[in-house]
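Okay, query_26.cif now, which holds mmCIF, C-alpha atoms and all ligand atoms:
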```cif
data_structure
loop_
_atom_site.label_atom_id
_atom_site.label_comp_id
_atom_site.auth_asym_id
_atom_site.auth_seq_id
_atom_site.Cartn_x
_atom_site.Cartn_y
_atom_site.Cartn_z
CA MET A 1 -10.45 -320.47 63.47
CA THR A 2 -7.88 -320.79 66.20
CA THR A 3 -7.98 -318.91 69.46
CA THR A 4 -4.38 -318.32 70.43
CA ILE A 5 -3.54 -317.67 74.05
CA LEU A 6 -0.08 -316.28 74.74
CA VAL A 7 1.33 -316.60 78.24
CA ALA A 8 3.97 -313.94 78.82
CA ASN A 9 5.96 -312.11 81.45
CA PRO A 10 9.58 -310.97 81.14
CA LYS A 11 10.45 -312.21 84.63
CA GLY A 12 11.92 -315.68 84.87
CA GLY A 13 10.00 -318.10 87.03
CA SER A 14 6.80 -316.06 87.10
CA GLY A 15 4.67 -319.08 86.20
CA LYS A 16 4.40 -318.96 82.41
CA THR A 17 5.09 -322.63 81.82
CA THR A 18 2.84 -323.64 84.70
CA LEU A 19 -0.03 -321.63 83.27
CA SER A 20 0.64 -322.77 79.70
CA THR A 21 0.80 -326.47 80.44
CA ASN A 22 -2.28 -326.33 82.65
CA LEU A 23 -4.26 -324.35 80.10
CA ALA A 24 -3.36 -326.77 77.34
CA GLY A 25 -4.19 -329.69 79.62
CA TYR A 26 -7.52 -328.13 80.44
CA PHE A 27 -8.60 -327.91 76.79
CA ALA A 28 -7.34 -331.41 76.10
CA GLY A 29 -9.29 -332.72 79.08
CA ARG A 30 -12.44 -331.23 77.62
CA GLY A 31 -11.86 -333.21 74.47
CA GLU A 32 -10.84 -330.16 72.45
CA ARG A 33 -7.95 -330.18 70.04
CA VAL A 34 -5.22 -328.01 71.39
CA ALA A 35 -1.66 -327.15 70.43
CA LEU A 36 0.98 -326.13 72.93
CA GLY A 37 3.61 -323.89 71.38
CA ASP A 38 6.90 -323.31 73.11
CA MET A 39 8.88 -320.19 72.21
CA ASP A 40 11.39 -320.74 75.00
CA ARG A 41 14.86 -322.06 74.20
CA GLN A 42 14.61 -324.16 77.35
CA GLN A 43 11.57 -325.91 75.86
CA SER A 44 10.10 -326.69 79.28
CA SER A 45 6.56 -327.00 77.97
CA LEU A 46 7.63 -329.46 75.29
CA THR A 47 9.69 -331.44 77.76
CA TRP A 48 6.61 -331.65 79.95
CA LEU A 49 4.63 -332.81 76.95
CA SER A 50 7.21 -335.48 76.14
CA MET A 51 6.65 -336.90 79.61
CA ARG A 52 2.89 -336.91 79.31
CA PRO A 53 1.45 -340.42 79.66
CA ALA A 54 -0.03 -341.63 76.38
CA GLU A 55 -3.37 -342.47 77.98
CA LEU A 56 -4.03 -338.86 78.98
CA PRO A 57 -5.89 -336.46 76.67
CA SER A 58 -3.45 -335.56 73.96
CA ILE A 59 -1.90 -332.19 73.23
CA LEU A 60 -0.16 -331.25 70.01
CA GLY A 61 3.25 -329.78 70.74
CA TRP A 62 5.11 -327.41 68.51
CA ASP A 63 8.49 -325.85 68.71
CA ALA A 64 7.80 -322.15 68.34
CA ARG A 65 11.36 -320.91 68.86
CA GLU A 66 11.52 -319.64 65.34
CA GLU A 67 9.35 -317.04 63.70
CA GLU A 68 6.71 -319.51 62.53
CA VAL A 69 4.57 -319.35 65.62
CA PRO A 70 1.16 -319.40 63.94
CA LYS A 71 1.59 -322.08 61.28
CA LEU A 72 0.54 -325.17 63.14
CA ALA A 73 -2.02 -323.32 65.18
CA HIS A 74 -4.33 -322.89 62.22
CA LYS A 75 -5.42 -326.50 62.35
CA VAL A 76 -6.75 -326.50 65.88
CA PRO A 77 -9.40 -324.52 67.75
CA TRP A 78 -7.06 -323.73 70.64
CA ALA A 79 -3.40 -322.82 70.76
CA VAL A 80 -1.52 -322.01 73.94
CA VAL A 81 1.88 -320.39 73.52
CA ASP A 82 4.47 -320.45 76.28
CA SER A 83 7.08 -317.72 75.96
CA PRO A 84 10.56 -317.13 77.33
CA ALA A 85 11.63 -314.77 80.08
CA GLY A 86 12.95 -311.49 78.73
CA MET A 87 10.95 -311.56 75.52
CA HIS A 88 11.04 -308.06 74.07
CA GLY A 89 11.29 -306.02 70.89
CA LYS A 90 10.26 -307.53 67.58
CA ARG A 91 9.72 -310.98 68.99
CA LEU A 92 7.32 -309.63 71.60
CA SER A 93 5.49 -307.55 68.98
CA GLU A 94 5.07 -310.58 66.76
CA ALA A 95 3.85 -312.75 69.59
CA VAL A 96 1.30 -310.11 70.63
CA LYS A 97 0.08 -309.77 67.06
CA LEU A 98 -0.50 -313.49 66.82
CA ALA A 99 -2.37 -313.78 70.06
CA ASP A 100 -6.06 -313.33 70.61
CA LYS A 101 -5.55 -313.28 74.35
CA ILE A 102 -2.53 -312.72 76.53
CA VAL A 103 -2.30 -313.94 80.09
CA VAL A 104 0.37 -312.36 82.28
CA PRO A 105 1.24 -314.23 85.47
CA VAL A 106 2.60 -311.97 88.20
CA GLN A 107 4.07 -313.04 91.50
CA PRO A 108 3.78 -310.93 94.62
CA SER A 109 7.38 -309.80 94.71
CA VAL A 110 8.59 -306.26 94.13
CA PHE A 111 11.13 -307.44 91.60
CA ASP A 112 8.44 -309.17 89.60
CA MET A 113 6.15 -306.18 89.83
CA TRP A 114 8.86 -303.79 88.63
CA ALA A 115 9.71 -306.01 85.68
CA THR A 116 6.06 -306.47 84.84
CA GLU A 117 5.18 -302.78 84.92
CA ASP A 118 7.35 -301.85 81.95
CA PHE A 119 6.31 -304.98 80.14
CA ILE A 120 2.61 -304.21 80.49
CA LYS A 121 3.14 -300.62 79.39
CA THR A 122 5.01 -301.83 76.30
CA VAL A 123 2.38 -304.40 75.42
CA LEU A 124 -0.44 -301.90 75.85
CA GLU A 125 1.22 -299.77 73.15
CA GLU A 126 0.99 -302.59 70.62
CA LYS A 127 -1.42 -301.93 67.81
CA ALA A 128 -3.28 -305.23 68.22
CA ILE A 129 -4.11 -304.27 71.79
CA ARG A 130 -5.06 -300.70 70.98
CA LYS A 131 -7.34 -301.94 68.19
CA HIS A 132 -8.94 -304.49 70.52
CA ARG A 133 -7.87 -307.42 68.43
CA THR A 134 -5.81 -308.83 71.29
CA PHE A 135 -6.89 -308.79 74.91
CA LEU A 136 -4.69 -308.74 77.96
CA ALA A 137 -5.36 -309.99 81.49
CA ILE A 138 -3.40 -310.72 84.63
CA VAL A 139 -3.21 -313.69 86.94
CA GLY A 140 -1.69 -313.39 90.41
CA MET A 141 0.62 -316.34 90.89
CA ARG A 142 1.62 -318.05 94.15
CA VAL A 143 -0.43 -315.65 96.19
CA ASP A 144 -1.20 -316.11 99.84
CA PRO A 145 -4.00 -313.58 100.48
CA ARG A 146 -2.98 -313.18 104.13
CA THR A 147 0.39 -311.66 103.31
CA ARG A 148 1.51 -308.07 102.90
CA ALA A 149 3.00 -309.09 99.57
CA ALA A 150 -0.47 -310.06 98.34
CA ALA A 151 -1.84 -306.66 99.37
CA MET A 152 1.03 -304.96 97.57
CA LEU A 153 0.37 -306.99 94.46
CA GLU A 154 -3.29 -306.07 94.54
CA GLN A 155 -2.44 -302.40 94.95
CA PHE A 156 0.09 -302.62 92.14
CA LEU A 157 -2.39 -304.24 89.76
CA GLU A 158 -4.98 -301.53 90.43
CA LYS A 159 -2.75 -299.16 88.48
CA PHE A 160 -3.65 -300.81 85.23
CA ASP A 161 -7.00 -300.78 83.61
CA LEU A 162 -6.80 -304.53 83.08
CA PRO A 163 -8.77 -307.51 84.33
CA VAL A 164 -7.11 -309.34 87.19
CA LEU A 165 -8.69 -312.70 86.60
CA THR A 166 -7.70 -314.68 89.63
CA TYR A 167 -5.08 -315.38 92.24
CA LEU A 168 -3.60 -318.86 92.23
CA ARG A 169 -2.24 -320.11 95.48
CA ASP A 170 1.21 -321.45 96.11
CA THR A 171 0.83 -325.21 96.11
CA GLN A 172 2.93 -328.26 95.38
CA ASN A 173 0.03 -329.56 93.30
CA TYR A 174 1.46 -327.86 90.21
CA MET A 175 4.90 -329.27 90.74
CA ASN A 176 3.63 -332.75 91.56
CA ALA A 177 1.44 -332.87 88.48
CA ALA A 178 4.14 -331.44 86.21
CA ALA A 179 6.66 -334.02 87.35
CA GLU A 180 4.39 -336.68 85.81
CA GLY A 181 3.65 -334.81 82.60
CA GLU A 182 0.25 -333.99 84.03
CA CYS A 183 -1.68 -330.87 84.90
CA LEU A 184 -4.27 -330.11 87.58
CA PHE A 185 -7.06 -331.09 85.24
CA ASP A 186 -5.73 -334.61 84.82
CA ARG A 187 -6.12 -335.07 88.56
CA HIS A 188 -9.83 -334.83 89.21
CA SER A 189 -9.68 -337.70 91.64
CA ILE A 190 -7.30 -335.86 93.92
CA GLN A 191 -9.22 -333.96 96.55
CA ARG A 192 -6.37 -331.61 97.26
CA THR A 193 -6.84 -329.89 93.90
CA GLU A 194 -10.45 -328.79 94.44
CA ARG A 195 -9.51 -325.36 95.71
CA ASP A 196 -7.24 -324.94 92.74
CA PHE A 197 -10.03 -325.72 90.27
CA GLU A 198 -12.10 -323.00 91.89
CA GLN A 199 -9.27 -320.52 91.55
CA TRP A 200 -8.88 -321.42 87.87
CA GLN A 201 -12.54 -320.87 86.99
CA PRO A 202 -12.40 -317.11 86.24
CA LEU A 203 -9.29 -317.60 84.12
CA LEU A 204 -10.90 -320.39 82.13
CA GLU A 205 -14.06 -318.35 81.63
CA TRP A 206 -12.02 -315.44 80.31
CA VAL A 207 -9.99 -317.48 77.87
CA GLU A 208 -13.12 -319.21 76.58
CA ALA A 209 -15.27 -316.09 76.32
CA VAL A 210 -15.88 -314.82 72.82
CA GLU A 211 -14.80 -311.18 72.72
N1 LIG A 301 1.00 -321.45 91.87
C1 LIG A 301 2.16 -322.09 92.10
N2 LIG A 301 2.37 -322.75 93.25
C2 LIG A 301 3.55 -323.36 93.49
N3 LIG A 301 4.56 -323.39 92.65
C3 LIG A 301 4.42 -322.75 91.48
C4 LIG A 301 3.23 -322.06 91.14
N4 LIG A 301 3.39 -321.52 89.92
C5 LIG A 301 4.62 -321.84 89.52
N5 LIG A 301 5.24 -322.58 90.45
C6 LIG A 301 6.62 -323.13 90.40
O1 LIG A 301 7.51 -322.05 90.19
C7 LIG A 301 8.56 -322.45 89.33
C8 LIG A 301 8.60 -321.50 88.13
O2 LIG A 301 7.39 -321.63 87.41
P1 LIG A 301 7.38 -321.73 85.83
O3 LIG A 301 8.44 -322.63 85.34
O4 LIG A 301 5.98 -322.00 85.42
O5 LIG A 301 7.75 -320.22 85.49
P2 LIG A 301 8.19 -319.60 84.08
O6 LIG A 301 7.67 -318.22 84.05
O7 LIG A 301 7.80 -320.51 82.99
O8 LIG A 301 9.78 -319.59 84.22
P3 LIG A 301 10.84 -319.27 83.02
O9 LIG A 301 10.78 -317.78 82.85
O10 LIG A 301 12.13 -319.75 83.57
O11 LIG A 301 10.37 -320.01 81.82
C9 LIG A 301 8.27 -323.89 88.95
O12 LIG A 301 9.03 -324.74 89.77
C10 LIG A 301 6.80 -324.08 89.24
O13 LIG A 301 6.46 -325.38 89.60
MG MG A 302 8.92 -321.30 81.40
#
```
Could you spell out this file's structure in structure tokens?
Ligand SMILES: Nc1ncnc2c1ncn2[C@@H]1O[C@H](COP(=O)(O)OP(=O)(O)OP(=O)(O)O)[C@@H](O)[C@H]1O
Ligand SMILES: [Mg+2]
Amino acid sequence: MTTTILVANPKGGSGKTTLSTNLAGYFAGRGERVALGDMDRQQSSLTWLSMRPAELPSILGWDAREEEVPKLAHKVPWAVVDSPAGMHGKRLSEAVKLADKIVVPVQPSVFDMWATEDFIKTVLEEKAIRKHRTFLAIVGMRVDPRTRAAAMLEQFLEKFDLPVLTYLRDTQNYMNAAAEGECLFDRHSIQRTERDFEQWQPLLEWVEAVE
């Protein structure tokens, strides 16, 4: 049995690839077999994987641009699927159907919130969600809790009857790790990432929880 986690938001740059690569890296770091699927034509997740140092916990990459998203996933306990900006229609429906859990990163910007609102409404209409076969949750991305934007994001997210798992801060740690083919969880020795681990905990608990 594979638990498939889809990371999706129609807005470009909302943090899908950052969440996907870190989630996959987290499972790998725990010694679990994990596949990282990349539905995006830009293949950022797979490029990241190609840069990953061989001595780090390994992740199985698969090009999920075509319809065959689930095939490889069946052989591993965890599959994380990164998706492209603007995913909609049949492709979105198929991705939702495949997923056990969907994580939606949302940045505190009105443009992101507007784009996300319609997306969430559409996804909530999907049969898999209505039948409680697929679960949906939100992660606030690049959030500075002291800002008005953060308050607006919080207010916006209250509209939906959905778990808001955590707020991840804006930090160069993600960028610095990614540049080396690494994720936060490869960098336990770096003190700067401790706060980030804490912020990730509720997200990790949710993805690992058996529904
Ligand atoms: N919490 C964060 N703190 C700082 N930078 C971040 C954070 N999350 C994402 N970023 C940065 O924001 C940029 C966009 O993130 P990312 O590529 O993950 O988004 P995406 O949703 O995959 O974009 P696309 O829709 O183009 O695929 C990247 O440069 C990434 O490093
Ligand atoms: Mg991306």
Please report as JSON lines every residue of range 147-196 of chain A lying within 9 Å of range 42-63 of chain A, along with the nearest atom pair and their distance in Å (one decimal), using all atoms listed in the file.
```
{"residue": "A:Ala178", "atom": "CA", "partner": "A:Trp48", "partner_atom": "CA", "distance": 6.7}
{"residue": "A:Ala179", "atom": "CA", "partner": "A:Trp48", "partner_atom": "CA", "distance": 7.8}
{"residue": "A:Glu180", "atom": "CA", "partner": "A:Met51", "partner_atom": "CA", "distance": 6.6}
{"residue": "A:Gly181", "atom": "CA", "partner": "A:Arg52", "partner_atom": "CA", "distance": 4.0}
{"residue": "A:Glu182", "atom": "CA", "partner": "A:Arg52", "partner_atom": "CA", "distance": 6.1}
{"residue": "A:Asp186", "atom": "CA", "partner": "A:Leu56", "partner_atom": "CA", "distance": 7.4}
```
Taking a cut-off of 7 Å and counting only C-alpha atoms and all ligand atoms, can you build a table that, for each residue of chain A near ligand MG 302 (chain A), reports the nearest atom pair and how far apart they are in Å (one decimal), sorted by chain then residue number, as a Markdown table?
```
| residue | atom | partner | partner_atom | distance |
| --- | --- | --- | --- | --- |
| A:Gly13 | CA | A:MG302 | MG | 6.6 |
| A:Gly15 | CA | A:MG302 | MG | 6.8 |
| A:Lys16 | CA | A:MG302 | MG | 5.2 |
| A:Thr17 | CA | A:MG302 | MG | 4.1 |
| A:Asp40 | CA | A:MG302 | MG | 6.9 |
| A:Ser44 | CA | A:MG302 | MG | 5.9 |
| A:Asp82 | CA | A:MG302 | MG | 6.8 |
| A:Ser83 | CA | A:MG302 | MG | 6.8 |
| A:Pro84 | CA | A:MG302 | MG | 6.1 |
```
Using only C-alpha atoms and all ligand atoms, which residues have at least one atom no more than 10 Å from ligand LIG 301 (chain A)? Output them as number ranges by chain. A: 7-22, 38-45, 82-87, 104-107, 140-144, 167-179, 196
With distances taken over only C-alpha atoms, which of A:Val81, A:Arg91, A:Arg65, A:Ala115 is nearest to Leu23 in chain A?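 The answer is A:Val81, which sits nearest to Leu23 in chain A.
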Using only C-alpha atoms, which protein or nucleic acid residues come within 12 Å of Phe156 in chain A? Drop anything in the same chain fewer than 3 positions from it, and give the result as a list of chain:residue names.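 Contacts, with the query itself left out: A:Val106, A:Gln107, A:Pro108, A:Ser109, A:Val110, A:Asp112, A:Met113, A:Trp114, A:Thr116, A:Glu117, A:Ile138, A:Gly140, A:Ala149, A:Ala150, A:Ala151, A:Met152, A:Leu153, A:Lys159, A:Phe160, A:Asp161, A:Leu162, A:Val164.
The two atoms in question, CA of Cys183 in chain A and CA of Trp200 in chain A, are spaced 12.2 Å apart.
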For Ala209 in chain A, which residue out of A:Gly29, A:Ser93, A:Ala128, A:Phe135 is the nearest one, using all atoms listed in the file? A:Phe135
Any idea what the distance is between CA of Gln201 in chain A and CA of Thr122 in chain A?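 Distance between the two atoms: 28.0 Å.
Distance-wise, CA of Leu203 in chain A and CA of Thr166 in chain A end up 6.4 Å apart.
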Give the answer as one residue: which of A:Leu204, A:Val34, A:Leu6, A:Ala24 has the shortest atom-to-atom distance to Thr134 in chain A, using all atoms listed in the file? A:Leu6
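With distances restricted to only C-alpha atoms, A:Asp100 is the closest residue to Leu136 in chain A from A:Asp118, A:Glu205, A:Glu94, A:Asp100.
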Between A:Ala79, A:Val123, A:Phe185, A:Trp206, which residue has the minimum interatomic distance to Gly25 in chain A, considering all atoms listed in the file? A:Phe185
Restricting the calculation to all atoms listed in the file: of A:Glu66, A:Val76, A:Glu158, A:Ser189, which residue gets closest to Glu32 in chain A?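 When distances to Glu32 in chain A are compared using all atoms listed in the file, the smallest one comes from A:Val76.
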Neighbours of Ala99 in chain A within 8 Å (only C-alpha atoms; same-chain residues fewer than 3 positions away dropped), as a list in words?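 In the requested form, the answer reads Thr3, Thr4, Ile5, Leu6, Ala95, Val96, Ile102 and Thr134 of chain A.
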